[in-house]
2 protein chains.
Amino acid sequence: MTPSPGGRTSVTAPAAPPSRVRVHNFSISLDGFGTGEGQTLDAPFGHAGHRLLQWALPTATFAAMGLHGASTPTTGVDDAFAARWADGIGAEIMGRNKFGPQRGPWEDTDWRGWWGADPPFHTPAVVLTHHPRPTLRMDGGTSFHFVDAAPVQALAAARALAGGRDIRIGGGVSTVREFLAADLIDQMHLVVVPVLLGRGVRLWEGLEGLDQRFHIESTASPRGVTHLMFWRR
Amino acid sequence: MTPSPGGRTSVTAPAAPPSRVRVHNFSISLDGFGTGEGQTLDAPFGHAGHRLLQWALPTATFAAMGLHGASTPTTGVDDAFAARWADGIGAEIMGRNKFGPQRGPWEDTDWRGWWGADPPFHTPAVVLTHHPRPTLRMDGGTSFHFVDAAPVQALAAARALAGGRDIRIGGGVSTVREFLAADLIDQMHLVVVPVLLGRGVRLWEGLEGLDQRFHIESTASPRGVTHLMFWRR
């Protein structure tokens, strides 16, 4: 090997990767509903129950979030997809219904989300609401920032909290739909579950031609769901 | 080998298999539309064009129907599913919109379907319409029988024409939906195509809980569609 003049190889530091906007583990029924009808404190997904998450709950990834019921977590095909949800994420954006079942002005300010003192996010999370309230700082690095903003402004707020890392759009259904409609999503992992919910909140409204903005690949898992990966053309 | 008494083995003729009701190659968009909006003579699938059939047109099965555009028909995964559409079928039931674009009383009685003098069905086909007309007998064994009937009666009419063989529900979307709602389908091959049509005729209306009546398996094909097989529990 011949040293270059000056005795060292000239290298340029790689540019920081751009901060991407990602959706992960987003499950819809075969008829396109991302959640059921009638969310309550006892039924976060309404009449859908946990049917849309049956594929995910046994995985090691969901077990590590404390959301599992499996005695022996799986590390198969479903976990290979599920596991990608946190890597490189600096902040999440979620709709208010993902945070909790209250509507309108906050009456129960003791509510700190569905996830207990140490939520599984471990990053800042922007909660979209027309009723801002002070930031909640939780154990384990999660904080909830209540913001009344359209998608573009919410994304700017999340980026300001994300330290240059990626933003996850965490749901619910309307939030994912709004970010897709605003063409703000770079990558989306969608899971189609072969159940017919019949009612609830549809993902696919007003998104005609969306497929033309993305590469799409899909694979069926042995548990019977279909994983679809979308990434921007 | 010891001959049984009487010198022959006692056998019973197998019972004739029951006539099943089947759906094949039925394609829907990711957002659940089985056809687009605005069917016309030049656009049988409305604004959807041929997007829902892109997976099928290159197959040897569709090439043999005269519907292809491929120079070298494929005999891969998609064809393995497509090929099952005709075997054992004794009659088809189709909605009027599959037969043609006319609505209301028949004004153009010269219309003999989209398929030319020798349609690919080669069996009797019951066409559901509120405006009965005389039976059309085509080349190659296809005949069109125009019947004003609800699903159960239409099925009886098809069985009377099918010689004990299976009945195919050939579409369109509303016809498949009505037969599913009436719980008359025994097997269904559904193909989910990763396009977002946004508008048209939805398959999944009023079918909540349908999945509980079926076993469902799915596999993704290399061309990017997902084949789902439903069979009665």
# chains A, B, ... in the order shown; residues from 1 in each chain; ligands from 1
call {"tool": "interface_residues", "arguments": {"of": "chain A", "to": "chain B", "cutoff": "9 Å", "atoms": "only C-alpha atoms", "output": "PDB file with N, CA, C and O atoms, in the first residue's frame"}}
result
ATOM      1  N   LEU A  30     -58.550  -6.614   7.340  1.00  0.00           N
ATOM      2  CA  LEU A  30     -58.660  -6.827   5.895  1.00  0.00           C
ATOM      3  C   LEU A  30     -59.601  -5.805   5.262  1.00  0.00           C
ATOM      4  O   LEU A  30     -59.428  -5.423   4.106  1.00  0.00           O
ATOM      5  N   ASP A  31     -60.571  -5.345   6.020  1.00  0.00           N
ATOM      6  CA  ASP A  31     -61.464  -4.309   5.502  1.00  0.00           C
ATOM      7  C   ASP A  31     -60.985  -2.894   5.849  1.00  0.00           C
ATOM      8  O   ASP A  31     -61.749  -1.933   5.717  1.00  0.00           O
ATOM      9  N   GLY A  32     -59.751  -2.754   6.275  1.00  0.00           N
ATOM     10  CA  GLY A  32     -59.122  -1.441   6.310  1.00  0.00           C
ATOM     11  C   GLY A  32     -59.278  -0.630   7.580  1.00  0.00           C
ATOM     12  O   GLY A  32     -58.917   0.544   7.610  1.00  0.00           O
ATOM     13  N   PRO A 194     -56.155 -10.743   8.797  1.00  0.00           N
ATOM     14  CA  PRO A 194     -57.348 -11.269   8.115  1.00  0.00           C
ATOM     15  C   PRO A 194     -58.569 -11.384   9.016  1.00  0.00           C
ATOM     16  O   PRO A 194     -59.081 -12.461   9.262  1.00  0.00           O
ATOM     17  N   VAL A 195     -59.012 -10.240   9.516  1.00  0.00           N
ATOM     18  CA  VAL A 195     -60.282 -10.165  10.232  1.00  0.00           C
ATOM     19  C   VAL A 195     -61.116  -9.076   9.558  1.00  0.00           C
ATOM     20  O   VAL A 195     -60.576  -8.154   8.941  1.00  0.00           O
ATOM     21  N   LEU A 196     -62.434  -9.202   9.687  1.00  0.00           N
ATOM     22  CA  LEU A 196     -63.352  -8.213   9.128  1.00  0.00           C
ATOM     23  C   LEU A 196     -64.022  -7.494  10.284  1.00  0.00           C
ATOM     24  O   LEU A 196     -64.962  -8.028  10.889  1.00  0.00           O
ATOM     25  N   LEU A 197     -63.541  -6.300  10.609  1.00  0.00           N
ATOM     26  CA  LEU A 197     -64.087  -5.562  11.748  1.00  0.00           C
ATOM     27  C   LEU A 197     -65.432  -4.923  11.424  1.00  0.00           C
ATOM     28  O   LEU A 197     -66.251  -4.730  12.324  1.00  0.00           O
ATOM     29  N   GLY A 198     -65.621  -4.537  10.173  1.00  0.00           N
ATOM     30  CA  GLY A 198     -66.919  -4.011   9.773  1.00  0.00           C
ATOM     31  C   GLY A 198     -67.160  -2.559  10.127  1.00  0.00           C
ATOM     32  O   GLY A 198     -67.942  -1.883   9.465  1.00  0.00           O
ATOM     33  N   ARG A 199     -66.529  -2.076  11.197  1.00  0.00           N
ATOM     34  CA  ARG A 199     -66.746  -0.688  11.643  1.00  0.00           C
ATOM     35  C   ARG A 199     -65.575  -0.260  12.492  1.00  0.00           C
ATOM     36  O   ARG A 199     -64.832  -1.098  13.023  1.00  0.00           O
ATOM     37  N   LEU A 203     -58.328   3.458   7.663  1.00  0.00           N
ATOM     38  CA  LEU A 203     -57.105   4.142   7.228  1.00  0.00           C
ATOM     39  C   LEU A 203     -57.274   4.747   5.843  1.00  0.00           C
ATOM     40  O   LEU A 203     -56.859   5.870   5.568  1.00  0.00           O
ATOM     41  N   TRP A 204     -57.907   3.988   4.946  1.00  0.00           N
ATOM     42  CA  TRP A 204     -57.903   4.358   3.526  1.00  0.00           C
ATOM     43  C   TRP A 204     -59.069   5.241   3.164  1.00  0.00           C
ATOM     44  O   TRP A 204     -60.066   4.788   2.627  1.00  0.00           O
ATOM     45  N   GLU A 205     -58.972   6.493   3.484  1.00  0.00           N
ATOM     46  CA  GLU A 205     -59.962   7.485   3.052  1.00  0.00           C
ATOM     47  C   GLU A 205     -59.188   8.651   2.471  1.00  0.00           C
ATOM     48  O   GLU A 205     -58.291   9.203   3.117  1.00  0.00           O
ATOM     49  N   GLY A 206     -59.518   9.024   1.233  1.00  0.00           N
ATOM     50  CA  GLY A 206     -58.873  10.190   0.636  1.00  0.00           C
ATOM     51  C   GLY A 206     -57.426   9.960   0.238  1.00  0.00           C
ATOM     52  O   GLY A 206     -56.664  10.916   0.115  1.00  0.00           O
ATOM     53  N   LEU A 207     -57.043   8.716   0.034  1.00  0.00           N
ATOM     54  CA  LEU A 207     -55.642   8.432  -0.288  1.00  0.00           C
ATOM     55  C   LEU A 207     -55.495   7.787  -1.662  1.00  0.00           C
ATOM     56  O   LEU A 207     -54.534   7.053  -1.917  1.00  0.00           O
ATOM     57  N   GLU A 208     -56.428   8.078  -2.555  1.00  0.00           N
ATOM     58  CA  GLU A 208     -56.353   7.527  -3.910  1.00  0.00           C
ATOM     59  C   GLU A 208     -54.990   7.799  -4.543  1.00  0.00           C
ATOM     60  O   GLU A 208     -54.489   8.931  -4.509  1.00  0.00           O
ATOM     61  N   GLY A 209     -54.406   6.764  -5.112  1.00  0.00           N
ATOM     62  CA  GLY A 209     -53.144   6.918  -5.830  1.00  0.00           C
ATOM     63  C   GLY A 209     -51.915   6.961  -4.943  1.00  0.00           C
ATOM     64  O   GLY A 209     -50.794   7.095  -5.433  1.00  0.00           O
ATOM     65  N   LEU A 210     -52.109   6.815  -3.645  1.00  0.00           N
ATOM     66  CA  LEU A 210     -50.973   6.845  -2.710  1.00  0.00           C
ATOM     67  C   LEU A 210     -49.876   5.869  -3.106  1.00  0.00           C
ATOM     68  O   LEU A 210     -48.679   6.144  -2.946  1.00  0.00           O
ATOM     69  N   ASP A 211     -50.272   4.709  -3.641  1.00  0.00           N
ATOM     70  CA  ASP A 211     -49.296   3.673  -3.997  1.00  0.00           C
ATOM     71  C   ASP A 211     -48.264   4.176  -5.003  1.00  0.00           C
ATOM     72  O   ASP A 211     -47.155   3.662  -5.054  1.00  0.00           O
ATOM     73  N   GLN A 212     -48.644   5.197  -5.791  1.00  0.00           N
ATOM     74  CA  GLN A 212     -47.699   5.677  -6.803  1.00  0.00           C
ATOM     75  C   GLN A 212     -46.546   6.471  -6.207  1.00  0.00           C
ATOM     76  O   GLN A 212     -45.575   6.754  -6.886  1.00  0.00           O
ATOM     77  N   ILE A 216     -43.583  -0.691  -2.846  1.00  0.00           N
ATOM     78  CA  ILE A 216     -44.319  -1.520  -1.897  1.00  0.00           C
ATOM     79  C   ILE A 216     -43.890  -2.970  -2.082  1.00  0.00           C
ATOM     80  O   ILE A 216     -43.888  -3.472  -3.217  1.00  0.00           O
ATOM     81  N   GLU A 217     -43.506  -3.610  -0.989  1.00  0.00           N
ATOM     82  CA  GLU A 217     -43.259  -5.049  -1.018  1.00  0.00           C
ATOM     83  C   GLU A 217     -44.067  -5.684   0.093  1.00  0.00           C
ATOM     84  O   GLU A 217     -44.346  -5.049   1.115  1.00  0.00           O
ATOM     85  N   SER A 218     -44.412  -6.949  -0.093  1.00  0.00           N
ATOM     86  CA  SER A 218     -45.184  -7.609   0.949  1.00  0.00           C
ATOM     87  C   SER A 218     -44.769  -9.057   1.109  1.00  0.00           C
ATOM     88  O   SER A 218     -44.235  -9.672   0.183  1.00  0.00           O
ATOM     89  N   THR A 219     -44.998  -9.552   2.310  1.00  0.00           N
ATOM     90  CA  THR A 219     -44.758 -10.968   2.574  1.00  0.00           C
ATOM     91  C   THR A 219     -45.764 -11.430   3.616  1.00  0.00           C
ATOM     92  O   THR A 219     -46.148 -10.662   4.510  1.00  0.00           O
ATOM     93  N   ALA A 220     -46.209 -12.648   3.465  1.00  0.00           N
ATOM     94  CA  ALA A 220     -47.141 -13.212   4.440  1.00  0.00           C
ATOM     95  C   ALA A 220     -46.347 -13.926   5.519  1.00  0.00           C
ATOM     96  O   ALA A 220     -45.346 -14.578   5.231  1.00  0.00           O
ATOM     97  N   SER A 221     -46.763 -13.770   6.748  1.00  0.00           N
ATOM     98  CA  SER A 221     -46.069 -14.463   7.833  1.00  0.00           C
ATOM     99  C   SER A 221     -46.795 -15.763   8.144  1.00  0.00           C
ATOM    100  O   SER A 221     -47.987 -15.908   7.863  1.00  0.00           O
ATOM    101  N   PRO A 222     -46.073 -16.713   8.728  1.00  0.00           N
ATOM    102  CA  PRO A 222     -46.725 -17.997   9.048  1.00  0.00           C
ATOM    103  C   PRO A 222     -47.934 -17.860   9.972  1.00  0.00           C
ATOM    104  O   PRO A 222     -48.801 -18.723   9.969  1.00  0.00           O
ATOM    105  N   ARG A 223     -48.031 -16.787  10.734  1.00  0.00           N
ATOM    106  CA  ARG A 223     -49.202 -16.607  11.602  1.00  0.00           C
ATOM    107  C   ARG A 223     -50.405 -16.086  10.847  1.00  0.00           C
ATOM    108  O   ARG A 223     -51.464 -15.890  11.433  1.00  0.00           O
ATOM    109  N   GLY A 224     -50.237 -15.757   9.560  1.00  0.00           N
ATOM    110  CA  GLY A 224     -51.409 -15.431   8.760  1.00  0.00           C
ATOM    111  C   GLY A 224     -51.618 -13.965   8.458  1.00  0.00           C
ATOM    112  O   GLY A 224     -52.581 -13.607   7.786  1.00  0.00           O
ATOM    113  N   VAL A 225     -50.748 -13.111   8.965  1.00  0.00           N
ATOM    114  CA  VAL A 225     -50.862 -11.699   8.600  1.00  0.00           C
ATOM    115  C   VAL A 225     -49.944 -11.412   7.413  1.00  0.00           C
ATOM    116  O   VAL A 225     -49.069 -12.208   7.083  1.00  0.00           O
ATOM    117  N   THR A 226     -50.166 -10.279   6.770  1.00  0.00           N
ATOM    118  CA  THR A 226     -49.312  -9.859   5.659  1.00  0.00           C
ATOM    119  C   THR A 226     -48.601  -8.569   6.049  1.00  0.00           C
ATOM    120  O   THR A 226     -49.248  -7.591   6.432  1.00  0.00           O
ATOM    121  N   LEU A 228     -46.580  -5.401   4.911  1.00  0.00           N
ATOM    122  CA  LEU A 228     -46.312  -4.571   3.733  1.00  0.00           C
ATOM    123  C   LEU A 228     -45.313  -3.491   4.115  1.00  0.00           C
ATOM    124  O   LEU A 228     -45.478  -2.816   5.141  1.00  0.00           O
TER     125      LEU A 228
END
call {"tool": "residues_around", "arguments": {"residues": "Met188 (chain A)", "least_positions_apart": "4", "cutoff": "8 Å", "atoms": "only C-alpha atoms", "output": "short mmCIF file (atom, residue, chain, number, x, y, z; two decimals) with N, CA, C and O atoms, in the first residue's frame"}}
result
data_model
loop_
_atom_site.label_atom_id
_atom_site.label_comp_id
_atom_site.auth_asym_id
_atom_site.auth_seq_id
_atom_site.Cartn_x
_atom_site.Cartn_y
_atom_site.Cartn_z
N ARG A 22 -41.30 7.71 9.92
CA ARG A 22 -41.55 6.28 9.78
C ARG A 22 -42.81 5.84 10.53
O ARG A 22 -43.14 6.38 11.59
N VAL A 23 -43.45 4.84 9.98
CA VAL A 23 -44.58 4.18 10.66
C VAL A 23 -44.20 2.71 10.83
O VAL A 23 -43.67 2.11 9.90
N HIS A 24 -44.46 2.18 12.01
CA HIS A 24 -44.11 0.77 12.27
C HIS A 24 -45.26 0.02 12.93
O HIS A 24 -45.98 0.61 13.74
N LEU A 228 -46.58 -5.40 4.91
CA LEU A 228 -46.31 -4.57 3.73
C LEU A 228 -45.31 -3.49 4.11
O LEU A 228 -45.48 -2.82 5.14
N MET A 229 -44.29 -3.35 3.30
CA MET A 229 -43.31 -2.30 3.51
C MET A 229 -43.46 -1.27 2.39
O MET A 229 -43.39 -1.61 1.22
N PHE A 230 -43.69 -0.05 2.79
CA PHE A 230 -43.76 1.08 1.86
C PHE A 230 -42.50 1.92 2.07
O PHE A 230 -42.15 2.22 3.19
N TRP A 231 -41.86 2.32 0.99
CA TRP A 231 -40.82 3.34 1.13
C TRP A 231 -40.87 4.26 -0.08
O TRP A 231 -41.21 3.87 -1.17
#
call {"tool": "residues_around", "arguments": {"residues": "region 75-91 of chain B", "least_positions_apart": "2", "cutoff": "9 Å", "atoms": "only C-alpha atoms", "output": "ChimeraX atom specification"}}
result
/B:19-20,22-25,55-56,58-62,73,93,121-126,158-159,161-169,189,221-223,225,227
call {"tool": "atom_distance", "arguments": {"atom1": "CA of Met65 (chain B)", "atom2": "CA of Pro120 (chain B)"}}
result
5.4 Å
call {"tool": "select_by_dssp", "arguments": {"residues": "region 7-172 of chain A", "states": "helix (DSSP H, G or I)", "output": "VMD selection string"}}
result
chain A and resid 46 to 48 51 to 53 60 to 64 77 to 85 96 to 99 139 to 141 151 to 161
call {"tool": "residues_around", "arguments": {"residues": "Met94 (chain A)", "least_positions_apart": "6", "cutoff": "6 Å", "atoms": "only C-alpha atoms", "output": "PyMOL selection string"}}
result
chain A and resi 127+170-171
